[in-house]
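Chemist: Pasting in a structure now, in structure tokens, and then I'll have a few things to ask.
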Amino acid sequence: MARSKIYLKTPQEIACMKKAGLILQKAQKAMKAMIKPGVTLDEIDAVAAEVIAQNNSKAGFLGYHGFPKTICTMLNNEVVHGIPDDRVLKAGDLLSVDCGVIWEGLNADAAFTVIVGGEETNPKRAKFSACVRKALLAGCAQAKIGNHVGDIGQAIEAVVRAGGYKIVRDFTGHGVGHNLHEDPYIFNYGVAGKGAKLVEGMTIAIEPIVAMGKPGYKTLKDGWTVVTKDGQDACQWEHFGAIGPNGLEIFA
Ligand code: MG
Ligand code: MG
């Protein structure tokens, strides 16, 4: 088995990641402000691209293994790696948006979910998204010096199970830095005390990816978009940051 190689970051590298995170937060704010019924996924992608360009940074996903857009959009039954297109949003849609920003060669990576038109348009989906976000925050709370990757996974899994939902286990969080994806994998399930030990200077992305029904999935012919096999909803939330003396400092 190959040994995992975890790159600890210098304070200078962490400062660049924090800056990348601030730009990503600006892009998220601009996207959240425009997401409403009648808007297309391409229009949201264009706004993210504009904010990233205005801040003299680079999109982290565009061109990554050939990915064609700035953001990933996951609508309703889409699980991960959805490609924005000209589909028009409707009230009650469940939309997850994942975005990456590169500043001085260092990556930011974070995702949010919204109910298009407001939570009251689909309380079942709002409850689902709230549970996945709660699982993310429970995982982040375990990301502290001396804990292990398994502590994060166990905390996420407990919240998702309590909600009655299913983790799509093949998709994981990860180390992040000079590369969008670095060691270690941050599984969304696990056993406390197991896996890589968390130390100061690790920079990680935590991202529960959860199915409302069965966790089986398939990839569409575009080679990217992953959807649930049963056609039911999926949802993703993601934060990234650095592990320091006060736990995980979230950058976006
Ligand atoms: Mg992401
Ligand atoms: Mg990620």
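The chains in the structure tokens are called A, B, ... from first to last as shown; in each chain the residues are counted from 1, and the ligands are counted from 1 in the order shown.
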Set the distance at 7 Å and use only C-alpha atoms: which residues neighbour range 194-197 of chain A once local chain neighbours fewer than 6 positions away are removed? I'd like the list as a compact mmCIF listing (two decimals) with N, CA, C and O atoms, in the first residue's frame.
Modeler:
```txt
# COMPACT_ATOMS: atom_id res chain seq x y z
N GLY A 146 -4.36 16.40 17.23
CA GLY A 146 -4.40 15.21 18.08
C GLY A 146 -5.52 14.24 17.73
O GLY A 146 -5.43 13.07 18.05
N ASN A 147 -6.58 14.76 17.10
CA ASN A 147 -7.63 13.86 16.60
C ASN A 147 -7.16 13.17 15.33
O ASN A 147 -6.09 13.50 14.80
N HIS A 148 -7.97 12.26 14.85
CA HIS A 148 -7.65 11.52 13.62
C HIS A 148 -8.74 11.75 12.59
O HIS A 148 -9.86 12.19 12.93
N VAL A 149 -8.40 11.43 11.35
CA VAL A 149 -9.37 11.56 10.26
C VAL A 149 -10.66 10.80 10.59
O VAL A 149 -11.76 11.26 10.28
N GLY A 150 -10.54 9.67 11.26
CA GLY A 150 -11.71 8.88 11.64
C GLY A 150 -12.66 9.60 12.58
O GLY A 150 -13.87 9.32 12.58
```
Chemist: Pull the alpha helix (DSSP H) assignments for range 7-242 of chain A out of DSSP run on the backbone, and list those residues as an NGL selection string.
Modeler: :A and (11-34 or 41-54 or 123-141 or 149-163)
Chemist: What's around range 115-128 of chain A at 9 Å? Count only C-alpha atoms, leave out sequence neighbours fewer than 2 positions away in its own chain, and write the answer as a list in words.
Modeler: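 Returned residues: Ile35, Lys36, Pro37, Leu89, Lys90, Ala91, Gly92, Asp93, Leu94, Leu95, Ser96, Thr113, Ala130, Cys131, Val132, Arg133, Gly163, Tyr165, Met212, Asp233, Ala234 and Cys235 of chain A.
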Chemist: Please, what distance in Å, to one decimal, runs between CA of Pro11 in chain A and CA of Ile156 in chain A?
Modeler: 28.4 Å
Chemist: Calculated over only C-alpha atoms, which of the candidates A:Leu41, A:Val79, A:Ile52, A:Leu198 has the smallest distance to Ile186 in chain A?
Modeler: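 Checking each candidate against Ile186 in chain A, we get A:Leu198 as the closest.
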Chemist: Please tabulate, as a Markdown table, the residues of range 2-37 of chain A that come within 7 Å of range 243-251 of chain A, each with its closest pair of atoms and the distance in Å to one decimal, counting only C-alpha atoms and ordering rows by chain, then residue number upward.
Modeler:
```
| residue | atom | partner | partner_atom | distance |
| --- | --- | --- | --- | --- |
| A:Lys18 | CA | A:Phe251 | CA | 5.4 |
| A:Gly21 | CA | A:Phe251 | CA | 4.8 |
| A:Leu22 | CA | A:Phe251 | CA | 6.8 |
```
Chemist: Just all heavy atoms for this one: save the residues we selected as a CSV table (one decimal), in the first residue's frame.
Modeler:
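And here is the file that came out, out03.csv:
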```csv
chain,number,residue,atom,x,y,z
A,18,LYS,N,-6.0,31.3,2.8
A,18,LYS,CA,-7.0,32.2,3.4
A,18,LYS,C,-7.5,33.2,2.4
A,18,LYS,O,-8.7,33.5,2.3
A,18,LYS,CB,-6.4,32.8,4.7
A,18,LYS,CG,-7.3,33.4,5.6
A,18,LYS,CD,-6.6,33.8,6.9
A,18,LYS,CE,-7.6,34.3,7.9
A,18,LYS,NZ,-6.9,34.5,9.3
A,21,GLY,N,-9.7,31.7,0.0
A,21,GLY,CA,-10.9,31.5,0.6
A,21,GLY,C,-11.8,32.7,0.7
A,21,GLY,O,-13.0,32.6,0.5
A,22,LEU,N,-11.2,33.9,0.9
A,22,LEU,CA,-11.9,35.1,1.0
A,22,LEU,C,-12.5,35.4,-0.4
A,22,LEU,O,-13.7,35.9,-0.5
A,22,LEU,CB,-11.0,36.3,1.4
A,22,LEU,CG,-10.7,36.3,2.9
A,22,LEU,CD1,-9.6,37.4,3.2
A,22,LEU,CD2,-12.0,36.6,3.7
```
Chemist: Residues up to 12 Å from ligand 2, counting only C-alpha atoms and all ligand atoms: could you list those as a ChimeraX atom specification?
Modeler: /A:60-61,71-72,80-81,97-101,107-112,171-177,179-187,203-209,236-241,252
Chemist: What lies within 12 Å of Lys221 in chain A using only C-alpha atoms, ignoring chain neighbours under 5 positions off, as JSON, numbers by chain?
Modeler: {"A": [82, 83, 226, 227]}
Chemist: Do you have the CA of Gly216 in chain A-CA of Ala162 in chain A distance handy?
Modeler: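 Distance reported for this atom pair: 19.5 Å.
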Chemist: Please, what distance in Å, to one decimal, runs between CA of Ser57 in chain A and CA of Trp103 in chain A?
Modeler: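 CA of Trp103 in chain A lies 5.4 Å from CA of Ser57 in chain A.
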Chemist: Could you tell me, as a list in words, which residues of range 52-103 of chain A DSSP assigns to strand (DSSP E) when given the backbone?
Modeler: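 So the strand (DSSP E) residues in range 52-103 of chain A would be Lys58, Ala59, Ile71, Cys72, Thr73, Met74, Leu75, Glu78, Val79, Val80, Leu94, Leu95, Ser96, Val97, Asp98, Cys99, Gly100, Val101, Ile102 and Trp103 of chain A.
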Chemist: Go through A:Leu24, A:Leu75, A:Ala143, A:Arg169 and flag the residue nearest ligand 1, using only C-alpha atoms and all ligand atoms for the distances.
Modeler: A:Leu24
Chemist: For a quick check of understanding, using only C-alpha atoms and all ligand atoms, which of A:Thr73, A:Asn188, A:Leu220, A:Gly38 has the smallest distance to ligand 1?
Modeler: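 Smallest distance to ligand 1 is found for A:Thr73.
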Chemist: Taking only C-alpha atoms into account, which of A:Cys16, A:Leu106, A:Val168, A:Ile23 comes nearest Val51 in chain A?
Modeler: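 Comparing A:Cys16, A:Leu106, A:Val168, A:Ile23 against Val51 in chain A, the winner is A:Ile23.
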